[in-house]
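The file model-v3.csv contains CSV, C-alpha atoms:
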chain,number,residue,atom,x,y,z
A,1,MET,CA,110.6,1.8,33.4
A,2,ASN,CA,107.9,-0.8,33.6
A,3,ARG,CA,108.1,-1.8,37.3
A,4,THR,CA,105.4,-0.9,39.8
A,5,PRO,CA,106.1,2.2,41.9
A,6,THR,CA,106.9,1.4,45.5
A,7,LEU,CA,106.3,3.3,48.7
A,8,ASP,CA,109.9,4.4,48.8
A,9,ASP,CA,109.5,5.9,45.3
A,10,PHE,CA,106.4,7.9,46.4
A,11,MET,CA,108.3,9.0,49.6
A,12,LEU,CA,111.3,10.2,47.5
A,13,ALA,CA,109.0,12.0,45.1
A,14,GLY,CA,107.1,13.7,47.9
A,15,ILE,CA,110.4,14.8,49.5
A,16,ALA,CA,111.5,16.3,46.2
A,17,LEU,CA,108.2,18.2,45.7
A,18,ALA,CA,108.3,19.4,49.3
A,19,SER,CA,111.9,20.5,48.9
A,20,GLY,CA,110.9,22.5,45.8
A,21,LEU,CA,108.0,24.1,47.6
A,22,LEU,CA,110.3,25.0,50.6
A,23,ALA,CA,112.9,26.4,48.3
A,24,ALA,CA,110.3,28.5,46.6
A,25,PHE,CA,109.1,29.9,49.9
A,26,LEU,CA,112.6,30.7,51.2
A,27,LEU,CA,113.4,32.4,47.9
A,28,ARG,CA,110.2,34.4,48.2
A,29,VAL,CA,111.2,35.6,51.7
A,30,LEU,CA,114.7,36.4,50.5
A,31,LEU,CA,113.5,38.4,47.5
A,32,ARG,CA,111.0,40.3,49.7
A,33,TRP,CA,113.9,41.3,52.0
A,34,LEU,CA,116.0,42.3,49.0
A,35,GLY,CA,113.1,44.4,47.6
A,36,LYS,CA,113.0,46.5,50.8
A,37,HIS,CA,116.7,47.3,50.5
A,38,ALA,CA,116.2,48.0,46.8
A,39,ASP,CA,113.6,50.6,47.6
A,40,ARG,CA,116.2,52.6,49.5
A,41,THR,CA,118.5,53.1,46.5
A,42,ARG,CA,118.2,55.9,43.9
A,43,TRP,CA,118.4,53.6,40.9
A,44,GLY,CA,115.1,52.2,39.9
A,45,GLY,CA,116.6,49.2,38.0
A,46,ASP,CA,117.2,47.1,41.0
A,47,ASP,CA,113.5,47.3,42.0
A,48,VAL,CA,112.6,46.0,38.6
A,49,ILE,CA,115.0,43.1,38.7
A,50,VAL,CA,114.0,42.0,42.2
A,51,ASP,CA,110.3,42.2,41.3
A,52,ALA,CA,110.9,40.0,38.3
A,53,LEU,CA,112.9,37.5,40.2
A,54,ARG,CA,110.0,37.1,42.6
A,55,THR,CA,108.2,35.3,39.8
A,56,VAL,CA,110.9,33.3,38.0
A,57,LEU,CA,112.9,31.9,41.0
A,58,PRO,CA,110.0,30.4,43.0
A,59,TRP,CA,108.5,28.8,39.9
A,60,SER,CA,111.9,27.5,38.9
A,61,ALA,CA,112.3,25.9,42.3
A,62,ILE,CA,108.9,24.3,42.1
A,63,ALA,CA,109.6,23.0,38.6
A,64,GLY,CA,113.0,21.7,39.7
A,65,GLY,CA,111.3,19.7,42.6
A,66,ALA,CA,108.7,18.3,40.2
A,67,ALA,CA,111.4,17.3,37.7
A,68,VAL,CA,113.3,15.4,40.5
A,69,ALA,CA,110.1,13.8,41.6
A,70,GLY,CA,109.4,12.7,38.0
A,71,ALA,CA,112.9,11.2,37.7
A,72,VAL,CA,112.5,9.3,40.9
A,73,LEU,CA,109.2,7.6,40.0
A,74,PRO,CA,109.3,4.7,37.6
A,75,LEU,CA,107.5,6.4,34.7
A,76,THR,CA,107.5,5.2,31.1
A,77,ARG,CA,109.7,7.0,28.7
A,78,THR,CA,106.8,8.7,27.0
A,79,VAL,CA,105.3,9.9,30.2
A,80,GLN,CA,108.7,11.1,31.4
A,81,HIS,CA,109.2,13.0,28.2
A,82,GLN,CA,105.8,14.7,28.5
A,83,VAL,CA,106.5,15.6,32.1
A,84,ASN,CA,109.9,17.1,31.3
A,85,GLN,CA,108.4,19.1,28.4
A,86,THR,CA,105.6,20.5,30.6
A,87,LEU,CA,108.1,21.6,33.2
A,88,GLN,CA,110.4,23.1,30.6
A,89,VAL,CA,107.5,25.1,29.1
A,90,LEU,CA,106.5,26.2,32.6
A,91,VAL,CA,110.0,27.5,33.3
A,92,ILE,CA,110.3,29.1,29.9
A,93,LEU,CA,107.0,30.9,30.4
A,94,ALA,CA,108.1,32.2,33.8
A,95,VAL,CA,111.5,33.3,32.5
A,96,THR,CA,109.9,35.0,29.4
A,97,VAL,CA,107.4,37.0,31.4
A,98,SER,CA,110.0,38.0,34.0
A,99,ALA,CA,112.5,39.0,31.2
A,100,ALA,CA,109.8,41.1,29.5
A,101,ARG,CA,109.0,42.8,32.8
A,102,VAL,CA,112.7,43.4,33.5
A,103,THR,CA,113.6,44.8,30.1
A,104,ALA,CA,110.5,46.9,29.9
A,105,GLY,CA,111.1,48.3,33.4
A,106,LEU,CA,114.8,49.1,32.6
A,107,VAL,CA,113.9,50.8,29.4
A,108,ARG,CA,111.3,52.9,31.2
A,109,ALA,CA,113.8,53.8,33.9
A,110,VAL,CA,116.4,54.9,31.4
A,111,ALA,CA,113.8,56.9,29.4
A,112,ASN,CA,112.7,58.7,32.6
A,113,SER,CA,116.2,59.4,33.7
A,114,ARG,CA,117.1,60.9,30.4
A,115,SER,CA,114.0,63.0,29.9
A,116,GLY,CA,113.9,64.1,33.5
A,117,VAL,CA,110.1,63.9,33.8
A,118,ALA,CA,107.5,61.6,35.2
A,119,GLY,CA,105.9,60.8,31.9
A,120,SER,CA,107.6,58.0,29.9
A,121,ALA,CA,108.1,57.3,26.2
A,122,THR,CA,106.0,54.1,26.0
A,123,ILE,CA,106.9,53.3,22.4
A,124,PHE,CA,110.3,51.8,23.4
A,125,VAL,CA,108.8,50.0,26.4
A,126,ASN,CA,106.1,48.4,24.3
A,127,ILE,CA,108.4,47.4,21.5
A,128,THR,CA,110.9,45.8,24.0
A,129,ARG,CA,108.2,43.9,25.7
A,130,ILE,CA,106.8,42.5,22.5
A,131,LEU,CA,110.2,41.4,21.2
A,132,VAL,CA,111.0,39.5,24.4
A,133,LEU,CA,107.6,37.8,24.5
A,134,ALA,CA,108.0,36.8,20.8
A,135,ILE,CA,111.4,35.3,21.4
A,136,GLY,CA,110.1,33.4,24.4
A,137,PHE,CA,107.2,32.1,22.4
A,138,LEU,CA,109.5,30.8,19.6
A,139,VAL,CA,111.7,29.1,22.2
A,140,MET,CA,108.7,27.5,23.7
A,141,LEU,CA,107.5,26.1,20.4
A,142,GLN,CA,111.0,24.8,19.7
A,143,THR,CA,111.0,23.0,23.1
A,144,LEU,CA,107.7,21.3,22.2
A,145,GLY,CA,109.3,20.0,19.0
A,146,ILE,CA,107.4,22.3,16.7
A,147,SER,CA,109.6,23.6,13.8
A,148,ILE,CA,109.6,27.4,13.7
A,149,ALA,CA,111.3,27.7,10.3
A,150,PRO,CA,108.1,27.4,8.3
A,151,MET,CA,106.4,29.8,10.7
A,152,LEU,CA,109.2,32.3,10.2
A,153,THR,CA,108.8,32.0,6.4
A,154,ALA,CA,105.1,32.4,6.6
A,155,LEU,CA,105.5,35.4,8.8
A,156,GLY,CA,107.9,37.0,6.4
A,157,VAL,CA,105.5,36.6,3.5
A,158,GLY,CA,102.5,37.7,5.5
A,159,GLY,CA,104.5,40.5,7.0
A,160,LEU,CA,105.0,42.0,3.6
A,161,ALA,CA,101.2,42.0,3.0
A,162,VAL,CA,100.6,43.5,6.4
A,163,ALA,CA,103.2,46.2,5.8
A,164,LEU,CA,101.4,47.3,2.6
A,165,ALA,CA,98.1,47.3,4.4
A,166,LEU,CA,99.4,49.3,7.4
A,167,GLN,CA,101.6,51.9,5.7
A,168,ASP,CA,100.3,54.8,7.8
A,169,THR,CA,100.5,52.9,11.0
A,170,LEU,CA,104.1,51.7,10.3
A,171,ALA,CA,105.0,55.2,9.2
A,172,ASN,CA,103.8,56.6,12.5
A,173,LEU,CA,105.7,53.8,14.4
A,174,PHE,CA,109.1,54.5,12.7
A,175,ALA,CA,108.5,58.2,12.9
A,176,GLY,CA,108.1,57.9,16.7
A,177,ILE,CA,111.2,55.8,17.0
A,178,HIS,CA,113.1,58.4,14.9
A,179,ILE,CA,111.9,61.3,17.0
A,180,LEU,CA,112.9,59.7,20.3
A,181,ALA,CA,116.2,58.3,18.9
A,182,SER,CA,117.2,61.8,17.6
A,183,LYS,CA,116.2,63.4,20.9
A,184,THR,CA,114.5,66.3,19.1
A,185,VAL,CA,111.5,65.9,21.3
A,186,GLN,CA,111.2,64.3,24.7
A,187,PRO,CA,108.3,64.0,27.1
A,188,GLY,CA,108.1,67.2,29.1
A,189,ASP,CA,109.2,69.5,26.3
A,190,TYR,CA,107.2,72.5,25.3
A,191,ILE,CA,106.7,72.5,21.5
A,192,ARG,CA,105.0,74.7,18.9
A,193,LEU,CA,104.1,73.3,15.4
A,194,SER,CA,103.9,75.5,12.3
A,195,SER,CA,100.3,74.5,12.1
A,196,GLY,CA,99.6,76.3,15.4
A,197,GLU,CA,99.4,73.4,17.9
A,198,GLU,CA,101.5,73.9,21.0
A,199,GLY,CA,101.9,72.6,24.5
A,200,TYR,CA,103.8,70.2,26.8
A,201,VAL,CA,104.6,66.7,25.4
A,202,GLU,CA,102.9,64.2,27.6
A,203,ASP,CA,103.8,60.9,25.9
A,204,ILE,CA,105.1,59.5,22.6
A,205,ASN,CA,103.6,56.0,21.9
A,206,TRP,CA,103.8,53.7,18.9
A,207,ARG,CA,101.3,55.7,16.9
A,208,GLN,CA,100.8,59.3,18.2
A,209,THR,CA,102.2,62.0,20.4
A,210,THR,CA,100.0,63.5,23.1
A,211,VAL,CA,100.5,67.2,23.8
A,212,ARG,CA,98.9,69.1,26.8
A,213,ALA,CA,98.0,72.6,25.9
A,214,LEU,CA,98.2,75.5,28.4
A,215,SER,CA,94.4,75.3,28.5
A,216,ASN,CA,94.8,71.8,29.9
A,217,ASN,CA,93.4,70.1,26.8
A,218,LEU,CA,95.1,67.2,25.1
A,219,VAL,CA,96.1,67.5,21.5
A,220,VAL,CA,96.8,64.2,19.7
A,221,ILE,CA,99.3,64.4,16.8
A,222,PRO,CA,100.3,61.5,14.6
A,223,ASN,CA,104.0,60.8,14.7
A,224,GLY,CA,104.3,61.0,11.0
A,225,GLN,CA,102.8,64.5,10.9
A,226,LEU,CA,105.1,65.6,13.8
A,227,ALA,CA,108.2,64.3,12.0
A,228,LYS,CA,107.3,66.2,8.8
A,229,THR,CA,106.2,69.6,10.2
A,230,ASN,CA,108.3,72.5,11.2
A,231,MET,CA,108.5,72.6,15.0
A,232,THR,CA,110.0,74.9,17.7
A,233,ASN,CA,111.1,73.2,20.9
A,234,PHE,CA,111.3,75.7,23.7
A,235,MET,CA,113.1,73.3,26.0
A,236,ARG,CA,116.1,72.6,23.9
A,237,PRO,CA,119.1,73.1,23.8
A,238,GLU,CA,118.2,74.4,27.3
A,239,GLN,CA,115.1,75.1,29.3
A,240,GLN,CA,115.8,78.8,30.1
A,241,LEU,CA,114.9,81.2,27.3
A,242,THR,CA,115.0,84.9,26.6
A,243,ILE,CA,111.9,87.0,26.0
A,244,LEU,CA,111.6,90.5,24.4
A,245,VAL,CA,109.2,93.2,25.5
A,246,GLN,CA,108.7,96.2,23.2
A,247,VAL,CA,108.5,99.7,24.9
A,248,GLY,CA,108.2,103.2,23.5
A,249,VAL,CA,108.8,106.6,25.1
A,250,GLY,CA,108.3,110.2,23.9
A,251,TYR,CA,110.9,112.2,22.0
A,252,ASP,CA,111.2,114.6,24.9
A,253,SER,CA,112.4,111.9,27.2
A,254,ASP,CA,115.9,111.7,28.7
A,255,LEU,CA,117.0,108.3,27.3
A,256,ASP,CA,119.7,107.8,29.9
A,257,HIS,CA,117.1,108.3,32.6
A,258,VAL,CA,114.7,106.0,30.8
A,259,GLU,CA,117.4,103.3,30.6
A,260,LYS,CA,118.2,103.6,34.3
A,261,VAL,CA,114.6,103.5,35.4
A,262,THR,CA,113.8,100.5,33.1
A,263,MET,CA,116.8,98.5,34.4
A,264,GLU,CA,115.8,99.1,38.0
A,265,VAL,CA,112.3,97.8,37.2
A,266,VAL,CA,113.9,94.8,35.5
A,267,ALA,CA,116.1,94.0,38.5
A,268,GLU,CA,113.1,94.2,40.8
A,269,VAL,CA,111.0,91.9,38.7
A,270,MET,CA,113.8,89.4,38.2
A,271,THR,CA,114.3,89.2,42.0
A,272,ASP,CA,110.6,89.1,43.2
A,273,ILE,CA,108.8,87.0,40.6
A,274,THR,CA,108.8,83.2,40.6
A,275,GLY,CA,110.1,81.8,37.3
A,276,ALA,CA,112.5,84.7,36.6
A,277,VAL,CA,116.3,84.1,36.2
A,278,PRO,CA,118.1,86.7,38.3
A,279,GLU,CA,121.5,85.6,37.0
A,280,HIS,CA,120.4,86.4,33.4
A,281,GLU,CA,121.9,89.7,32.3
A,282,PRO,CA,119.0,92.0,31.3
A,283,ALA,CA,119.4,94.7,28.7
A,284,ILE,CA,117.5,97.5,27.1
A,285,ARG,CA,118.2,98.5,23.5
A,286,PHE,CA,116.8,101.6,21.7
A,287,HIS,CA,116.3,100.8,18.0
A,288,THR,CA,113.7,102.9,16.2
A,289,PHE,CA,112.7,106.5,15.6
A,290,GLY,CA,109.0,105.9,15.2
A,291,ASP,CA,106.2,108.3,14.2
A,292,SER,CA,105.4,109.4,17.7
A,293,ARG,CA,107.9,107.6,20.0
A,294,ILE,CA,111.4,106.2,20.3
A,295,GLY,CA,111.1,102.4,20.4
A,296,CYS,CA,113.3,100.1,22.5
A,297,THR,CA,113.4,96.4,23.4
A,298,VAL,CA,113.8,95.1,26.9
A,299,ILE,CA,115.5,91.6,27.1
A,300,LEU,CA,114.4,89.4,30.1
A,301,GLY,CA,115.4,85.9,31.1
A,302,VAL,CA,112.8,83.3,32.2
A,303,GLY,CA,113.1,79.8,33.6
A,304,GLU,CA,110.7,78.1,31.1
A,305,PHE,CA,108.2,78.9,28.4
A,306,SER,CA,105.1,79.2,30.6
A,307,ASP,CA,106.8,81.6,33.0
A,308,GLN,CA,107.0,84.4,30.4
A,309,PHE,CA,103.3,85.3,30.7
A,310,ARG,CA,103.5,86.0,34.5
A,311,ILE,CA,106.8,87.9,34.1
A,312,LYS,CA,105.6,90.0,31.3
A,313,HIS,CA,102.4,90.8,33.2
A,314,GLU,CA,104.3,92.0,36.3
A,315,PHE,CA,107.0,93.8,34.3
A,316,ILE,CA,104.5,95.9,32.3
A,317,LYS,CA,102.5,96.8,35.4
A,318,ARG,CA,105.5,97.9,37.3
A,319,LEU,CA,107.1,99.7,34.4
A,320,HIS,CA,104.0,101.6,33.6
A,321,LYS,CA,103.6,102.7,37.3
A,322,ARG,CA,107.3,103.7,37.5
A,323,TYR,CA,107.2,105.7,34.3
A,324,ARG,CA,104.2,107.7,35.6
A,325,ASP,CA,106.0,108.3,38.9
A,326,GLU,CA,109.2,109.5,37.1
A,327,GLY,CA,107.3,111.6,34.6
A,328,ILE,CA,108.3,109.6,31.6
A,329,ARG,CA,105.6,109.9,28.9
A,330,ILE,CA,104.4,106.9,26.8
A,331,PRO,CA,102.8,108.7,23.9
A,332,ALA,CA,99.7,107.4,22.1
A,333,PRO,CA,100.3,106.8,18.3
A,334,THR,CA,99.3,109.9,16.3
A,335,ARG,CA,99.0,110.8,12.6
A,336,THR,CA,98.9,114.1,10.7
A,337,VAL,CA,95.7,114.5,8.7
A,338,ALA,CA,95.5,117.2,5.9
A,339,LEU,CA,92.1,117.9,4.3
A,340,GLN,CA,91.7,120.1,1.2
A,341,GLN,CA,88.4,120.9,-0.6
A,342,GLY,CA,88.7,123.1,-3.7
A,343,SER,CA,90.8,126.1,-2.9
A,344,LEU,CA,90.1,126.0,0.8
A,345,ALA,CA,92.8,124.3,2.8
A,346,ILE,CA,92.2,123.3,6.4
A,347,PRO,CA,95.3,123.6,8.7
A,348,GLN,CA,97.1,120.4,9.6
A,349,GLN,CA,96.6,118.8,12.9
A,350,ARG,CA,97.7,115.6,14.7
A,351,VAL,CA,95.0,113.2,15.7
A,352,PRO,CA,95.7,110.1,17.9
A,353,GLU,CA,95.0,107.0,15.9
A,354,ASP,CA,93.2,105.3,18.7
A,355,GLU,CA,90.6,108.1,19.1
A,356,PRO,CA,87.6,109.0,16.9
A,357,GLY,CA,88.8,110.8,13.8
A,358,GLY,CA,92.1,109.1,13.7
A,359,VAL,CA,92.1,108.2,10.0
A,360,PRO,CA,94.8,108.0,7.4
A,361,SER,CA,95.7,111.1,5.4
A,362,THR,CA,92.9,111.9,2.8
A,363,ARG,CA,92.7,114.4,0.0
A,364,LEU,CA,89.3,115.7,-1.1
A,365,ASP,CA,89.0,117.3,-4.5

Can you turn what I pasted into structure tokens?
Amino acid sequence: MNRTPTLDDFMLAGIALASGLLAAFLLRVLLRWLGKHADRTRWGGDDVIVDALRTVLPWSAIAGGAAVAGAVLPLTRTVQHQVNQTLQVLVILAVTVSAARVTAGLVRAVANSRSGVAGSATIFVNITRILVLAIGFLVMLQTLGISIAPMLTALGVGGLAVALALQDTLANLFAGIHILASKTVQPGDYIRLSSGEEGYVEDINWRQTTVRALSNNLVVIPNGQLAKTNMTNFMRPEQQLTILVQVGVGYDSDLDHVEKVTMEVVAEVMTDITGAVPEHEPAIRFHTFGDSRIGCTVILGVGEFSDQFRIKHEFIKRLHKRYRDEGIRIPAPTRTVALQQGSLAIPQQRVPEDEPGGVPSTRLD
């Protein structure tokens, strides 16, 4: 259009802009009300969606009002095209940011619900956010009339060079994806590597896995190393586990009485100590005729890996006290020593290994 804008044109454009601003305000109020109701639900996905819509819907309403105002005014074709492109880019930008926020939030909520812990696996969240932002950027370039085909070709050739230069980084990235996809390790699990590192998994990101040791120190392990090493996961297939405590009694002990007393102590510990599993069936198994004692293994159930130290501590204390009260002897390890010098033989005697003189059998010529 080449005619001069009139007062009516400006009034209609102003009404369109005001309508867009009013619609944005009303949508903001409505979404705030929906957000309060979403907070009351158990599912965290509705909170993410409502929070994202608070950005995209008001800006879309403003862009729509501006587009109507631009259509009402007698603008030239070039100016009209530039205005429409600017508004389209604004809407695409708002939609892209909101979509990235929604998808990242939903992935985080799903990761938290499956792992059952507060920590999240950020590798999937970051990858999802980057993919959505990249797609939105390409759509924005296409809207501006910029061909993305040469860019994709250049990215493909350049990506090969980048992949060769970042082999270790990419290996850690795909190792982290494989670890989480296979569900061998999840945030919150207690793991022990063959190299000696152990602790609770705090997070698995695009490059490394962070483990919190029982000393409250953080151990950073590259994902590639974690995927290649032998690992024990104490939380899978279930969190509860069985621990073994070795006990020994003298040969003069009544084994039936020993078993009865031990089971009573086990039942007491399983009931009183936090972290024990009372419904776990305990057991005592005699297994070895040792040098100075009859060995047995006591089987206990604990709720998780870190509970075993407290339960072992209390069990050994109470079992030792109960054995003393019942007259059950826990003999010290002993060994027979025979000494001979020339034709003079010294009679044999038994010497405790943990006392002075407790040495292996020796022959003196």

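Proximity of A:Trp59, A:Tyr323, A:Trp206, A:Phe10 to A:Ile127, computed with all atoms listed in the file, is greatest for A:Trp206.
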
Inset, instruction - Go through A:Met235, A:Ala332, A:Ile294, A:Leu319 and flag the residue nearest A:Ala267, using all atoms listed in the file for the distances. - result: A:Leu319

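Atom pair atom CA of A:Thr297 / atom CA of A:Gln246: separated by 4.7 Å.
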
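Atom CA of A:Ala181 to atom CA of A:Ile221 spans 18.1 Å [interatomic distance, one decimal].
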
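Atom CA of A:Thr232 sits 8.4 Å away from atom CA of A:Tyr190.
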
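Shortest atom-to-atom contact with A:Ser306 among A:Leu241, A:Val269, A:Leu144, A:Val97: A:Leu241, counting only C-alpha atoms.
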
Anything within 12 Å of (106.1, 75.3, 22.3): list those residues as a CSV table (one decimal) with C-alpha atoms, keeping the file's coordinate frame, counting only C-alpha atoms and sticking to the file's coordinates.
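Generated file (out28.csv):
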chain,number,residue,atom,x,y,z
A,185,VAL,CA,111.5,65.9,21.3
A,188,GLY,CA,108.1,67.2,29.1
A,189,ASP,CA,109.2,69.5,26.3
A,190,TYR,CA,107.2,72.5,25.3
A,191,ILE,CA,106.7,72.5,21.5
A,192,ARG,CA,105.0,74.7,18.9
A,193,LEU,CA,104.1,73.3,15.4
A,194,SER,CA,103.9,75.5,12.3
A,195,SER,CA,100.3,74.5,12.1
A,196,GLY,CA,99.6,76.3,15.4
A,197,GLU,CA,99.4,73.4,17.9
A,198,GLU,CA,101.5,73.9,21.0
A,199,GLY,CA,101.9,72.6,24.5
A,200,TYR,CA,103.8,70.2,26.8
A,201,VAL,CA,104.6,66.7,25.4
A,211,VAL,CA,100.5,67.2,23.8
A,212,ARG,CA,98.9,69.1,26.8
A,213,ALA,CA,98.0,72.6,25.9
A,214,LEU,CA,98.2,75.5,28.4
A,230,ASN,CA,108.3,72.5,11.2
A,231,MET,CA,108.5,72.6,15.0
A,232,THR,CA,110.0,74.9,17.7
A,233,ASN,CA,111.1,73.2,20.9
A,234,PHE,CA,111.3,75.7,23.7
A,235,MET,CA,113.1,73.3,26.0
A,236,ARG,CA,116.1,72.6,23.9
A,239,GLN,CA,115.1,75.1,29.3
A,241,LEU,CA,114.9,81.2,27.3
A,304,GLU,CA,110.7,78.1,31.1
A,305,PHE,CA,108.2,78.9,28.4
A,306,SER,CA,105.1,79.2,30.6

Inset, instruction - For A:Met140, work out the shell of residues within 10 Å, counting all atoms listed in the file and skipping chain neighbours fewer than 2 positions away, then give it as a list of chain:residue names. - result: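 Everything that qualifies: A:Gln85, A:Gln88, A:Val89, A:Leu90, A:Val91, A:Ile92, A:Leu93, A:Thr96, A:Ala134, A:Ile135, A:Gly136, A:Phe137, A:Leu138, A:Gln142, A:Thr143, A:Leu144, A:Gly145, A:Ile146.
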
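Of the listed residues A:Ile284, A:Ala71, A:Ile328, A:Leu170, the one whose atoms come nearest to A:His257 is A:Ile328, with distances taken using all atoms listed in the file.
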
Legend entry - Counting all atoms listed in the file, the option among A:Thr242, A:Arg77, A:Asn84, A:Ala24 closest to A:Ile62: A:Ala24

Inset, instruction - Measuring atom to atom with all atoms listed in the file, identify which of A:Leu141, A:Ala61, A:Val50, A:Val261 is nearest to A:Leu22. - result: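 Closest residue, counting all atoms listed in the file: A:Ala61.
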
Inset, instruction - Identify, on the basis of only C-alpha atoms, every residue whose closest approach to A:Trp33 does not exceed 12 Å; exclude the query and any residue fewer than 6 positions from it along the same chain; express the result as an MDAnalysis selection string. - result: chainID A and resid 26:27 39:40 47 50:51 54

Selection above as a file: C-alpha atoms, as an mmCIF file, in the frame of the given file:
data_model
loop_
_atom_site.group_PDB
_atom_site.id
_atom_site.type_symbol
_atom_site.label_atom_id
_atom_site.label_comp_id
_atom_site.auth_asym_id
_atom_site.auth_seq_id
_atom_site.Cartn_x
_atom_site.Cartn_y
_atom_site.Cartn_z
ATOM 1 C CA LEU A 26 112.600 30.700 51.200
ATOM 2 C CA LEU A 27 113.400 32.400 47.900
ATOM 3 C CA ASP A 39 113.600 50.600 47.600
ATOM 4 C CA ARG A 40 116.200 52.600 49.500
ATOM 5 C CA ASP A 47 113.500 47.300 42.000
ATOM 6 C CA VAL A 50 114.000 42.000 42.200
ATOM 7 C CA ASP A 51 110.300 42.200 41.300
ATOM 8 C CA ARG A 54 110.000 37.100 42.600
#

Legend entry - Close residues, A:Ile299 itself excluded, 10 Å, all atoms listed in the file, min 2 positions apart in chain, as a list of chain:residue names: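 Near neighbours after the sequence-gap exclusion: A:Thr242, A:Ile243, A:Leu244, A:Val245, A:Gln246, A:Val266, A:His280, A:Glu281, A:Pro282, A:Ala283, A:Ile284, A:Arg285, A:Cys296, A:Thr297, A:Gly301.
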
Legend entry - Nearby residues (only C-alpha atoms) at most 12 Å from A:Val258, same-chain spacing under 3 positions excluded, as a ChimeraX atom specification: /A:247-255,261-265,284-286,294-296,298,319-320,322-324,326-330

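The residues that lie within 9 Å of the point (105.7, 60.8, 13.6), counting all atoms listed in the file, are Ala171, Asn172, Leu173, Phe174, Ala175, Gly176, Ile177, His178, Ile179, Arg207, Gln208, Thr209, Ile221, Pro222, Asn223, Gly224, Gln225, Leu226, Ala227 and Lys228 of chain A.
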